[in-house]
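A short worksheet on the structure shown next.
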Amino acid sequence: QVQLVESGGGLVQAGGSLRLSCTASRMISSIDRMGWYRQAPGKQRELVAVVTSGGQTNYADSVKGRFTISRDNAKTTVYLQMNSLKPEDTGVYYCNTQARVLNYWGKGTLVTVSS
């Protein structure tokens, strides 16, 4: 059973930065994409950023220009650098990995941005 473990969440003031990391418990073959989702209180989970096996990236409009997703294929690790954080970025951030028909989720890490 593959586990995804997120780290790097915490409390930060508006305008600050955080870097999230997500590492798989073992190597995953045939990864199609890795990404980050978030869920704010009372809202549905939404896509934040994704990176494909070919290196293509896609971002939610709300984070473009502020967040950067990257991955280390050798370590099956994905990162999310978050700059210029806003209170509306507050939520639980979940790591996701899709490998063919398999879909893995982490348990989430809480990001709180104070105004």
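By order of appearance in the structure tokens: chains A, B, ..., then residues from 1 within every chain, and ligands from 1 in the order shown.
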> Which residues, written as a PyMOL selection string, have at least one atom at most 6 Å from segment 31-40 of chain A, with only C-alpha atoms counted and residues fewer than 6 positions away on the same chain left out?
Replying inline: chain A and resi 46-53+91-99
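With only C-alpha atoms as the basis for measurement, A:Ser21 is the residue among A:Gln1, A:Glu6, A:Lys107, A:Ser21 that approaches Met82 of chain A most closely.
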> Of the residues A:Ser25, A:Gln13, A:Thr109, A:Thr57, which is the one nearest to Glu88 of chain A, using only C-alpha atoms?
Replying inline: A:Gln13
> With only C-alpha atoms as the atoms that count, which of A:Val113, A:Asp61, A:Gly108, A:Cys22 lies nearest to Val78 of chain A?
Replying inline: A:Cys22
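For the pair atom CA of Gly106 of chain A and atom CA of Leu4 of chain A, the interatomic distance is 4.6 Å.
Between atom CA of Thr112 of chain A and atom CA of Asp89 of chain A lies a distance of 7.5 Å.
Relative to atom CA of Gly65 of chain A, atom CA of Asn83 of chain A is found at 8.8 Å.
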Please give the complete set of residues from chain A that DSSP, run on the backbone, assigns to strand (DSSP E or B), formatted as a compact mmCIF listing (two decimals) with all heavy atoms, in the first residue's frame.
```txt
# COMPACT_ATOMS: atom_id res chain seq x y z
N LEU A 4 1.17 8.53 0.74
CA LEU A 4 1.73 9.84 0.42
C LEU A 4 1.75 10.65 1.71
O LEU A 4 0.73 10.75 2.40
CB LEU A 4 0.88 10.55 -0.63
CG LEU A 4 0.72 9.86 -1.98
CD1 LEU A 4 -0.12 10.74 -2.91
CD2 LEU A 4 2.06 9.56 -2.60
N VAL A 5 2.88 11.21 2.01
CA VAL A 5 3.04 11.96 3.26
C VAL A 5 3.38 13.41 2.93
O VAL A 5 4.42 13.69 2.32
CB VAL A 5 4.13 11.35 4.15
CG1 VAL A 5 4.26 12.15 5.44
CG2 VAL A 5 3.80 9.89 4.46
N GLU A 6 2.50 14.32 3.35
CA GLU A 6 2.73 15.74 3.12
C GLU A 6 3.41 16.36 4.34
O GLU A 6 3.22 15.90 5.47
CB GLU A 6 1.40 16.49 2.89
CG GLU A 6 0.59 15.98 1.72
CD GLU A 6 -0.59 15.14 2.15
OE1 GLU A 6 -0.53 14.54 3.23
OE2 GLU A 6 -1.58 15.09 1.39
N SER A 7 4.13 17.42 4.09
CA SER A 7 4.74 18.19 5.18
C SER A 7 4.91 19.64 4.72
O SER A 7 4.82 19.92 3.52
CB SER A 7 6.10 17.61 5.58
OG SER A 7 7.00 17.66 4.50
N GLY A 10 1.50 25.01 7.93
CA GLY A 10 1.65 25.77 9.16
C GLY A 10 0.92 27.08 9.11
O GLY A 10 0.08 27.30 8.22
N LEU A 11 1.23 27.93 10.07
CA LEU A 11 0.61 29.25 10.18
C LEU A 11 1.58 30.30 9.65
O LEU A 11 2.76 30.32 10.05
CB LEU A 11 0.27 29.54 11.64
CG LEU A 11 -0.25 30.94 11.97
CD1 LEU A 11 -1.58 31.20 11.26
CD2 LEU A 11 -0.40 31.11 13.48
N VAL A 12 1.10 31.16 8.78
CA VAL A 12 1.93 32.20 8.20
C VAL A 12 1.10 33.46 8.02
O VAL A 12 -0.12 33.39 7.84
CB VAL A 12 2.53 31.73 6.86
CG1 VAL A 12 1.44 31.50 5.83
CG2 VAL A 12 3.58 32.69 6.33
N GLN A 13 1.75 34.60 8.08
CA GLN A 13 1.04 35.87 7.86
C GLN A 13 0.85 36.10 6.37
O GLN A 13 1.62 35.60 5.53
CB GLN A 13 1.82 37.02 8.47
CG GLN A 13 1.81 37.05 9.99
CD GLN A 13 2.45 38.31 10.54
OE1 GLN A 13 3.31 38.91 9.91
NE2 GLN A 13 2.02 38.71 11.74
N LEU A 18 5.40 29.56 2.13
CA LEU A 18 5.53 28.20 2.66
C LEU A 18 5.91 27.28 1.52
O LEU A 18 5.57 27.54 0.37
CB LEU A 18 4.22 27.70 3.28
CG LEU A 18 3.80 28.23 4.65
CD1 LEU A 18 2.41 27.72 5.00
CD2 LEU A 18 4.80 27.85 5.72
N ARG A 19 6.59 26.18 1.86
CA ARG A 19 6.92 25.17 0.86
C ARG A 19 6.39 23.83 1.34
O ARG A 19 6.80 23.34 2.40
CB ARG A 19 8.42 25.08 0.64
CG ARG A 19 8.82 24.16 -0.51
CD ARG A 19 10.32 24.09 -0.64
NE ARG A 19 10.73 23.43 -1.87
CZ ARG A 19 11.66 22.51 -1.94
NH1 ARG A 19 12.27 22.10 -0.83
NH2 ARG A 19 12.00 21.97 -3.10
N LEU A 20 5.49 23.27 0.58
CA LEU A 20 4.93 21.96 0.90
C LEU A 20 5.71 20.87 0.16
O LEU A 20 6.15 21.07 -0.97
CB LEU A 20 3.46 21.89 0.50
CG LEU A 20 2.52 22.95 1.06
CD1 LEU A 20 1.08 22.66 0.63
CD2 LEU A 20 2.62 23.04 2.57
N SER A 21 5.83 19.73 0.83
CA SER A 21 6.47 18.58 0.22
C SER A 21 5.56 17.37 0.36
O SER A 21 4.81 17.26 1.33
CB SER A 21 7.81 18.28 0.89
OG SER A 21 8.71 19.34 0.77
N CYS A 22 5.66 16.47 -0.59
CA CYS A 22 4.89 15.23 -0.54
C CYS A 22 5.77 14.11 -1.07
O CYS A 22 6.25 14.19 -2.20
CB CYS A 22 3.62 15.36 -1.38
SG CYS A 22 2.74 13.80 -1.61
N THR A 23 5.94 13.10 -0.25
CA THR A 23 6.80 11.98 -0.62
C THR A 23 6.02 10.68 -0.51
O THR A 23 5.30 10.47 0.47
CB THR A 23 8.03 11.91 0.28
OG1 THR A 23 8.77 13.13 0.15
CG2 THR A 23 8.94 10.75 -0.11
N ALA A 24 6.21 9.82 -1.49
CA ALA A 24 5.57 8.50 -1.47
C ALA A 24 6.40 7.53 -0.64
O ALA A 24 7.62 7.63 -0.58
CB ALA A 24 5.42 7.97 -2.89
N ARG A 33 0.69 11.92 -13.40
CA ARG A 33 0.72 13.28 -12.91
C ARG A 33 0.75 13.29 -11.39
O ARG A 33 0.27 12.36 -10.76
CB ARG A 33 -0.48 14.09 -13.39
CG ARG A 33 -1.82 13.38 -13.23
CD ARG A 33 -2.94 14.17 -13.87
NE ARG A 33 -3.57 15.08 -12.92
CZ ARG A 33 -4.51 15.95 -13.25
NH1 ARG A 33 -4.90 16.06 -14.49
NH2 ARG A 33 -5.05 16.73 -12.33
N MET A 34 1.31 14.34 -10.86
CA MET A 34 1.32 14.58 -9.41
C MET A 34 0.81 15.99 -9.19
O MET A 34 1.10 16.89 -9.99
CB MET A 34 2.73 14.41 -8.83
CG MET A 34 3.33 13.03 -9.06
SD MET A 34 4.96 12.85 -8.30
CE MET A 34 4.51 12.71 -6.56
N GLY A 35 0.09 16.17 -8.11
CA GLY A 35 -0.46 17.51 -7.90
C GLY A 35 -0.89 17.78 -6.48
O GLY A 35 -0.73 16.95 -5.59
N TRP A 36 -1.37 18.99 -6.31
CA TRP A 36 -1.85 19.47 -5.02
C TRP A 36 -3.29 19.97 -5.17
O TRP A 36 -3.62 20.66 -6.15
CB TRP A 36 -0.97 20.60 -4.51
CG TRP A 36 0.39 20.17 -4.12
CD1 TRP A 36 1.52 20.15 -4.89
CD2 TRP A 36 0.79 19.67 -2.83
NE1 TRP A 36 2.58 19.67 -4.19
CE2 TRP A 36 2.17 19.38 -2.91
CE3 TRP A 36 0.14 19.46 -1.62
CZ2 TRP A 36 2.89 18.87 -1.83
CZ3 TRP A 36 0.85 18.96 -0.55
CH2 TRP A 36 2.20 18.68 -0.65
N TYR A 37 -4.11 19.60 -4.21
CA TYR A 37 -5.47 20.08 -4.10
C TYR A 37 -5.61 20.73 -2.72
O TYR A 37 -4.82 20.47 -1.83
CB TYR A 37 -6.47 18.93 -4.22
CG TYR A 37 -6.55 18.32 -5.60
CD1 TYR A 37 -5.50 17.56 -6.10
CD2 TYR A 37 -7.66 18.51 -6.41
CE1 TYR A 37 -5.56 17.00 -7.37
CE2 TYR A 37 -7.74 17.95 -7.68
CZ TYR A 37 -6.68 17.20 -8.14
OH TYR A 37 -6.75 16.65 -9.40
N ARG A 38 -6.63 21.53 -2.56
CA ARG A 38 -6.89 22.11 -1.24
C ARG A 38 -8.39 22.15 -0.99
O ARG A 38 -9.20 22.20 -1.91
CB ARG A 38 -6.28 23.50 -1.11
CG ARG A 38 -6.96 24.57 -1.96
CD ARG A 38 -6.20 25.89 -1.86
NE ARG A 38 -6.81 26.92 -2.68
CZ ARG A 38 -6.24 28.09 -2.95
NH1 ARG A 38 -5.04 28.38 -2.43
NH2 ARG A 38 -6.86 28.97 -3.71
N GLN A 39 -8.69 22.16 0.31
CA GLN A 39 -10.08 22.26 0.71
C GLN A 39 -10.19 23.27 1.83
O GLN A 39 -9.63 23.06 2.92
CB GLN A 39 -10.62 20.90 1.16
CG GLN A 39 -12.10 20.90 1.44
CD GLN A 39 -12.67 19.49 1.54
OE1 GLN A 39 -11.94 18.52 1.70
NE2 GLN A 39 -13.98 19.37 1.42
N GLU A 46 -10.49 21.53 -4.28
CA GLU A 46 -10.22 22.09 -5.61
C GLU A 46 -8.77 21.86 -6.00
O GLU A 46 -7.88 21.75 -5.14
CB GLU A 46 -10.51 23.60 -5.62
CG GLU A 46 -9.66 24.41 -4.67
CD GLU A 46 -9.89 25.91 -4.78
OE1 GLU A 46 -10.69 26.35 -5.63
OE2 GLU A 46 -9.25 26.66 -4.01
N LEU A 47 -8.55 21.81 -7.30
CA LEU A 47 -7.20 21.67 -7.81
C LEU A 47 -6.42 22.96 -7.59
O LEU A 47 -6.91 24.05 -7.87
CB LEU A 47 -7.24 21.34 -9.30
CG LEU A 47 -5.89 21.32 -10.02
CD1 LEU A 47 -5.07 20.13 -9.55
CD2 LEU A 47 -6.09 21.28 -11.53
N VAL A 48 -5.19 22.82 -7.12
CA VAL A 48 -4.30 23.97 -6.96
C VAL A 48 -3.26 23.97 -8.08
O VAL A 48 -3.10 24.96 -8.78
CB VAL A 48 -3.59 23.94 -5.60
CG1 VAL A 48 -2.58 25.09 -5.49
CG2 VAL A 48 -4.60 24.01 -4.46
N ALA A 49 -2.57 22.85 -8.24
CA ALA A 49 -1.54 22.76 -9.26
C ALA A 49 -1.25 21.31 -9.56
O ALA A 49 -1.39 20.45 -8.69
CB ALA A 49 -0.26 23.46 -8.80
N VAL A 50 -0.83 21.04 -10.79
CA VAL A 50 -0.50 19.68 -11.19
C VAL A 50 0.69 19.72 -12.14
O VAL A 50 0.87 20.70 -12.88
CB VAL A 50 -1.71 19.00 -11.84
CG1 VAL A 50 -2.10 19.70 -13.13
CG2 VAL A 50 -1.46 17.53 -12.09
N VAL A 51 1.50 18.66 -12.08
CA VAL A 51 2.62 18.52 -13.02
C VAL A 51 2.55 17.12 -13.62
O VAL A 51 2.38 16.13 -12.90
CB VAL A 51 3.98 18.77 -12.32
CG1 VAL A 51 4.19 17.88 -11.12
CG2 VAL A 51 5.12 18.64 -13.32
N THR A 52 2.64 17.04 -14.93
CA THR A 52 2.54 15.76 -15.61
C THR A 52 3.90 15.07 -15.69
O THR A 52 4.93 15.67 -15.38
CB THR A 52 1.98 15.92 -17.02
OG1 THR A 52 2.98 16.59 -17.83
CG2 THR A 52 0.71 16.73 -17.03
N THR A 57 2.84 21.82 -16.54
CA THR A 57 2.20 22.26 -15.31
C THR A 57 0.89 22.98 -15.60
O THR A 57 0.70 23.56 -16.67
CB THR A 57 3.12 23.20 -14.51
OG1 THR A 57 3.46 24.32 -15.33
CG2 THR A 57 4.39 22.48 -14.08
N ASN A 58 0.01 22.92 -14.62
CA ASN A 58 -1.26 23.61 -14.73
C ASN A 58 -1.62 24.14 -13.35
O ASN A 58 -1.43 23.43 -12.35
CB ASN A 58 -2.35 22.67 -15.24
CG ASN A 58 -3.62 23.40 -15.57
OD1 ASN A 58 -3.58 24.53 -16.04
ND2 ASN A 58 -4.76 22.76 -15.35
N TYR A 59 -2.10 25.37 -13.30
CA TYR A 59 -2.41 26.01 -12.03
C TYR A 59 -3.84 26.55 -12.02
O TYR A 59 -4.37 26.96 -13.05
CB TYR A 59 -1.46 27.19 -11.77
CG TYR A 59 -0.01 26.81 -11.64
CD1 TYR A 59 0.83 26.78 -12.75
CD2 TYR A 59 0.53 26.50 -10.40
CE1 TYR A 59 2.17 26.44 -12.63
CE2 TYR A 59 1.87 26.16 -10.26
CZ TYR A 59 2.68 26.13 -11.38
OH TYR A 59 4.00 25.79 -11.24
N PHE A 67 2.30 30.56 -6.91
CA PHE A 67 2.66 29.19 -6.52
C PHE A 67 3.45 28.54 -7.66
O PHE A 67 3.21 28.79 -8.84
CB PHE A 67 1.42 28.34 -6.26
CG PHE A 67 0.64 28.72 -5.03
CD1 PHE A 67 0.88 29.88 -4.31
CD2 PHE A 67 -0.37 27.88 -4.59
CE1 PHE A 67 0.16 30.21 -3.18
CE2 PHE A 67 -1.12 28.20 -3.46
CZ PHE A 67 -0.85 29.36 -2.75
N THR A 68 4.37 27.66 -7.27
CA THR A 68 5.14 26.90 -8.24
C THR A 68 5.20 25.44 -7.81
O THR A 68 5.59 25.13 -6.68
CB THR A 68 6.58 27.44 -8.36
OG1 THR A 68 6.55 28.83 -8.73
CG2 THR A 68 7.35 26.67 -9.43
N ILE A 69 4.81 24.57 -8.73
CA ILE A 69 4.87 23.14 -8.46
C ILE A 69 6.10 22.55 -9.14
O ILE A 69 6.47 22.96 -10.25
CB ILE A 69 3.59 22.41 -8.93
CG1 ILE A 69 3.58 20.96 -8.44
CG2 ILE A 69 3.42 22.50 -10.44
CD1 ILE A 69 2.23 20.27 -8.66
N SER A 70 6.74 21.60 -8.47
CA SER A 70 7.89 20.92 -9.05
C SER A 70 7.92 19.50 -8.53
O SER A 70 7.27 19.18 -7.54
CB SER A 70 9.20 21.66 -8.72
OG SER A 70 9.38 21.73 -7.31
N ARG A 71 8.70 18.66 -9.19
CA ARG A 71 8.77 17.26 -8.76
C ARG A 71 10.17 16.72 -8.91
O ARG A 71 10.95 17.18 -9.74
CB ARG A 71 7.78 16.40 -9.54
CG ARG A 71 8.00 16.36 -11.02
CD ARG A 71 6.92 15.57 -11.73
NE ARG A 71 7.09 14.13 -11.53
CZ ARG A 71 6.35 13.21 -12.16
NH1 ARG A 71 5.40 13.59 -12.98
NH2 ARG A 71 6.56 11.92 -11.94
N ASP A 72 10.46 15.75 -8.08
CA ASP A 72 11.72 15.01 -8.14
C ASP A 72 11.35 13.58 -8.48
O ASP A 72 10.91 12.83 -7.62
CB ASP A 72 12.44 15.10 -6.79
CG ASP A 72 13.78 14.40 -6.81
OD1 ASP A 72 13.97 13.46 -7.61
OD2 ASP A 72 14.65 14.80 -6.03
N THR A 77 8.70 12.60 -5.32
CA THR A 77 8.37 13.71 -4.44
C THR A 77 7.88 14.88 -5.27
O THR A 77 8.42 15.17 -6.34
CB THR A 77 9.61 14.15 -3.62
OG1 THR A 77 10.04 13.05 -2.82
CG2 THR A 77 9.27 15.32 -2.72
N VAL A 78 6.86 15.54 -4.75
CA VAL A 78 6.35 16.74 -5.40
C VAL A 78 6.34 17.87 -4.38
O VAL A 78 6.08 17.65 -3.20
CB VAL A 78 4.94 16.49 -6.00
CG1 VAL A 78 3.93 16.16 -4.92
CG2 VAL A 78 4.50 17.67 -6.84
N TYR A 79 6.66 19.06 -4.86
CA TYR A 79 6.74 20.24 -4.00
C TYR A 79 5.75 21.30 -4.46
O TYR A 79 5.38 21.35 -5.64
CB TYR A 79 8.15 20.83 -4.04
CG TYR A 79 9.25 19.85 -3.72
CD1 TYR A 79 9.95 19.19 -4.73
CD2 TYR A 79 9.62 19.60 -2.40
CE1 TYR A 79 10.97 18.31 -4.45
CE2 TYR A 79 10.63 18.70 -2.11
CZ TYR A 79 11.30 18.07 -3.13
OH TYR A 79 12.31 17.17 -2.84
N LEU A 80 5.38 22.16 -3.54
CA LEU A 80 4.57 23.32 -3.88
C LEU A 80 5.14 24.52 -3.14
O LEU A 80 5.03 24.59 -1.92
CB LEU A 80 3.10 23.11 -3.50
CG LEU A 80 2.16 24.23 -3.95
CD1 LEU A 80 2.05 24.26 -5.48
CD2 LEU A 80 0.78 24.07 -3.32
N GLN A 81 5.78 25.40 -3.88
CA GLN A 81 6.29 26.63 -3.31
C GLN A 81 5.19 27.67 -3.38
O GLN A 81 4.70 27.98 -4.47
CB GLN A 81 7.52 27.11 -4.08
CG GLN A 81 8.09 28.42 -3.59
CD GLN A 81 8.67 28.32 -2.19
OE1 GLN A 81 9.35 27.37 -1.86
NE2 GLN A 81 8.38 29.32 -1.36
N MET A 82 4.81 28.20 -2.23
CA MET A 82 3.71 29.15 -2.16
C MET A 82 4.24 30.48 -1.65
O MET A 82 4.72 30.57 -0.53
CB MET A 82 2.62 28.61 -1.22
CG MET A 82 2.12 27.23 -1.59
SD MET A 82 0.72 26.68 -0.59
CE MET A 82 1.48 26.56 1.02
N GLY A 91 -6.47 26.48 4.10
CA GLY A 91 -7.16 25.22 3.88
C GLY A 91 -6.26 24.04 4.13
O GLY A 91 -5.08 24.20 4.48
N VAL A 92 -6.82 22.87 3.96
CA VAL A 92 -6.03 21.64 4.04
C VAL A 92 -5.56 21.31 2.63
O VAL A 92 -6.37 21.23 1.70
CB VAL A 92 -6.85 20.48 4.62
CG1 VAL A 92 -6.00 19.22 4.66
CG2 VAL A 92 -7.35 20.82 6.02
N TYR A 93 -4.26 21.14 2.49
CA TYR A 93 -3.66 20.86 1.19
C TYR A 93 -3.36 19.36 1.09
O TYR A 93 -2.70 18.79 1.96
CB TYR A 93 -2.39 21.68 1.01
CG TYR A 93 -2.68 23.12 0.67
CD1 TYR A 93 -3.26 23.97 1.61
CD2 TYR A 93 -2.40 23.64 -0.59
CE1 TYR A 93 -3.56 25.28 1.31
CE2 TYR A 93 -2.69 24.96 -0.91
CZ TYR A 93 -3.28 25.77 0.04
OH TYR A 93 -3.56 27.08 -0.27
N TYR A 94 -3.85 18.76 0.02
CA TYR A 94 -3.70 17.33 -0.19
C TYR A 94 -2.81 17.06 -1.41
O TYR A 94 -2.97 17.70 -2.46
CB TYR A 94 -5.06 16.69 -0.44
CG TYR A 94 -6.02 16.79 0.71
CD1 TYR A 94 -6.91 17.85 0.82
CD2 TYR A 94 -6.06 15.80 1.69
CE1 TYR A 94 -7.80 17.94 1.87
CE2 TYR A 94 -6.95 15.88 2.75
CZ TYR A 94 -7.82 16.95 2.83
OH TYR A 94 -8.70 17.04 3.88
N CYS A 95 -1.96 16.10 -1.24
CA CYS A 95 -1.12 15.63 -2.34
C CYS A 95 -1.86 14.51 -3.08
O CYS A 95 -2.55 13.69 -2.46
CB CYS A 95 0.19 15.11 -1.76
SG CYS A 95 1.30 14.38 -2.97
N ASN A 96 -1.71 14.48 -4.39
CA ASN A 96 -2.36 13.47 -5.21
C ASN A 96 -1.39 12.95 -6.27
O ASN A 96 -0.64 13.72 -6.85
CB ASN A 96 -3.59 14.07 -5.90
CG ASN A 96 -4.20 13.13 -6.91
OD1 ASN A 96 -3.97 13.24 -8.12
ND2 ASN A 96 -4.97 12.18 -6.43
N THR A 97 -1.42 11.66 -6.47
CA THR A 97 -0.61 11.04 -7.53
C THR A 97 -1.49 10.09 -8.33
O THR A 97 -2.19 9.26 -7.75
CB THR A 97 0.57 10.26 -6.94
OG1 THR A 97 1.45 11.17 -6.27
CG2 THR A 97 1.35 9.54 -8.03
N GLN A 98 -1.45 10.26 -9.63
CA GLN A 98 -2.21 9.38 -10.52
C GLN A 98 -1.23 8.56 -11.35
O GLN A 98 -0.35 9.12 -12.01
CB GLN A 98 -3.12 10.20 -11.41
CG GLN A 98 -4.21 10.94 -10.64
CD GLN A 98 -5.11 11.76 -11.52
OE1 GLN A 98 -5.20 11.53 -12.73
NE2 GLN A 98 -5.80 12.73 -10.94
N ALA A 99 -1.42 7.25 -11.29
CA ALA A 99 -0.57 6.33 -12.04
C ALA A 99 -1.47 5.32 -12.73
O ALA A 99 -1.98 4.41 -12.10
CB ALA A 99 0.41 5.63 -11.11
N LEU A 102 -4.62 3.97 -11.03
CA LEU A 102 -4.48 4.13 -9.59
C LEU A 102 -4.42 5.61 -9.21
O LEU A 102 -3.80 6.41 -9.90
CB LEU A 102 -3.24 3.41 -9.08
CG LEU A 102 -3.22 1.90 -9.34
CD1 LEU A 102 -1.90 1.30 -8.88
CD2 LEU A 102 -4.38 1.22 -8.62
N ASN A 103 -5.06 5.93 -8.11
CA ASN A 103 -5.16 7.31 -7.65
C ASN A 103 -4.85 7.35 -6.16
O ASN A 103 -5.57 6.76 -5.36
CB ASN A 103 -6.57 7.83 -7.93
CG ASN A 103 -6.68 9.33 -7.85
OD1 ASN A 103 -5.68 10.04 -7.92
ND2 ASN A 103 -7.89 9.84 -7.70
N TYR A 104 -3.76 8.01 -5.79
CA TYR A 104 -3.32 8.04 -4.40
C TYR A 104 -3.53 9.44 -3.81
O TYR A 104 -3.29 10.44 -4.49
CB TYR A 104 -1.84 7.67 -4.29
CG TYR A 104 -1.48 6.33 -4.88
CD1 TYR A 104 -0.89 6.25 -6.14
CD2 TYR A 104 -1.71 5.16 -4.17
CE1 TYR A 104 -0.53 5.03 -6.68
CE2 TYR A 104 -1.35 3.93 -4.71
CZ TYR A 104 -0.77 3.87 -5.97
OH TYR A 104 -0.43 2.66 -6.50
N TRP A 105 -3.90 9.46 -2.53
CA TRP A 105 -4.08 10.72 -1.82
C TRP A 105 -3.32 10.70 -0.51
O TRP A 105 -3.25 9.67 0.18
CB TRP A 105 -5.56 10.95 -1.49
CG TRP A 105 -6.40 11.28 -2.67
CD1 TRP A 105 -7.14 10.42 -3.43
CD2 TRP A 105 -6.61 12.59 -3.24
NE1 TRP A 105 -7.79 11.10 -4.43
CE2 TRP A 105 -7.49 12.44 -4.33
CE3 TRP A 105 -6.15 13.86 -2.92
CZ2 TRP A 105 -7.91 13.51 -5.11
CZ3 TRP A 105 -6.57 14.93 -3.69
CH2 TRP A 105 -7.43 14.75 -4.78
N GLY A 106 -2.78 11.83 -0.13
CA GLY A 106 -2.23 12.00 1.20
C GLY A 106 -3.33 12.38 2.17
O GLY A 106 -4.47 12.61 1.78
N THR A 109 -2.19 18.46 4.78
CA THR A 109 -1.46 19.31 5.70
C THR A 109 -2.15 20.66 5.75
O THR A 109 -2.55 21.20 4.71
CB THR A 109 0.02 19.44 5.29
OG1 THR A 109 0.74 20.19 6.27
CG2 THR A 109 0.19 20.11 3.94
N LEU A 110 -2.32 21.20 6.94
CA LEU A 110 -3.09 22.43 7.13
C LEU A 110 -2.22 23.65 6.89
O LEU A 110 -1.13 23.79 7.45
CB LEU A 110 -3.67 22.48 8.53
CG LEU A 110 -4.47 23.73 8.89
CD1 LEU A 110 -5.70 23.87 7.99
CD2 LEU A 110 -4.88 23.68 10.37
N VAL A 111 -2.73 24.55 6.06
CA VAL A 111 -2.11 25.85 5.82
C VAL A 111 -3.07 26.92 6.31
O VAL A 111 -4.23 26.95 5.88
CB VAL A 111 -1.79 26.05 4.33
CG1 VAL A 111 -1.33 27.48 4.07
CG2 VAL A 111 -0.74 25.05 3.87
N THR A 112 -2.59 27.76 7.20
CA THR A 112 -3.41 28.85 7.72
C THR A 112 -2.69 30.17 7.46
O THR A 112 -1.56 30.34 7.89
CB THR A 112 -3.67 28.69 9.22
OG1 THR A 112 -4.28 27.42 9.47
CG2 THR A 112 -4.59 29.79 9.73
N VAL A 113 -3.37 31.06 6.76
CA VAL A 113 -2.79 32.36 6.44
C VAL A 113 -3.58 33.43 7.20
O VAL A 113 -4.78 33.59 6.97
CB VAL A 113 -2.82 32.64 4.94
CG1 VAL A 113 -2.11 33.96 4.63
CG2 VAL A 113 -2.17 31.50 4.16
N SER A 114 -2.90 34.12 8.08
CA SER A 114 -3.57 35.15 8.87
C SER A 114 -3.44 36.52 8.19
O SER A 114 -2.46 36.81 7.52
CB SER A 114 -2.96 35.21 10.27
OG SER A 114 -1.60 35.58 10.20
```
> Between A:Gly15, A:Gly8, A:Pro87, A:Pro41, which is the closest to Arg66 of chain A once you count only C-alpha atoms?
Replying inline: A:Gly15
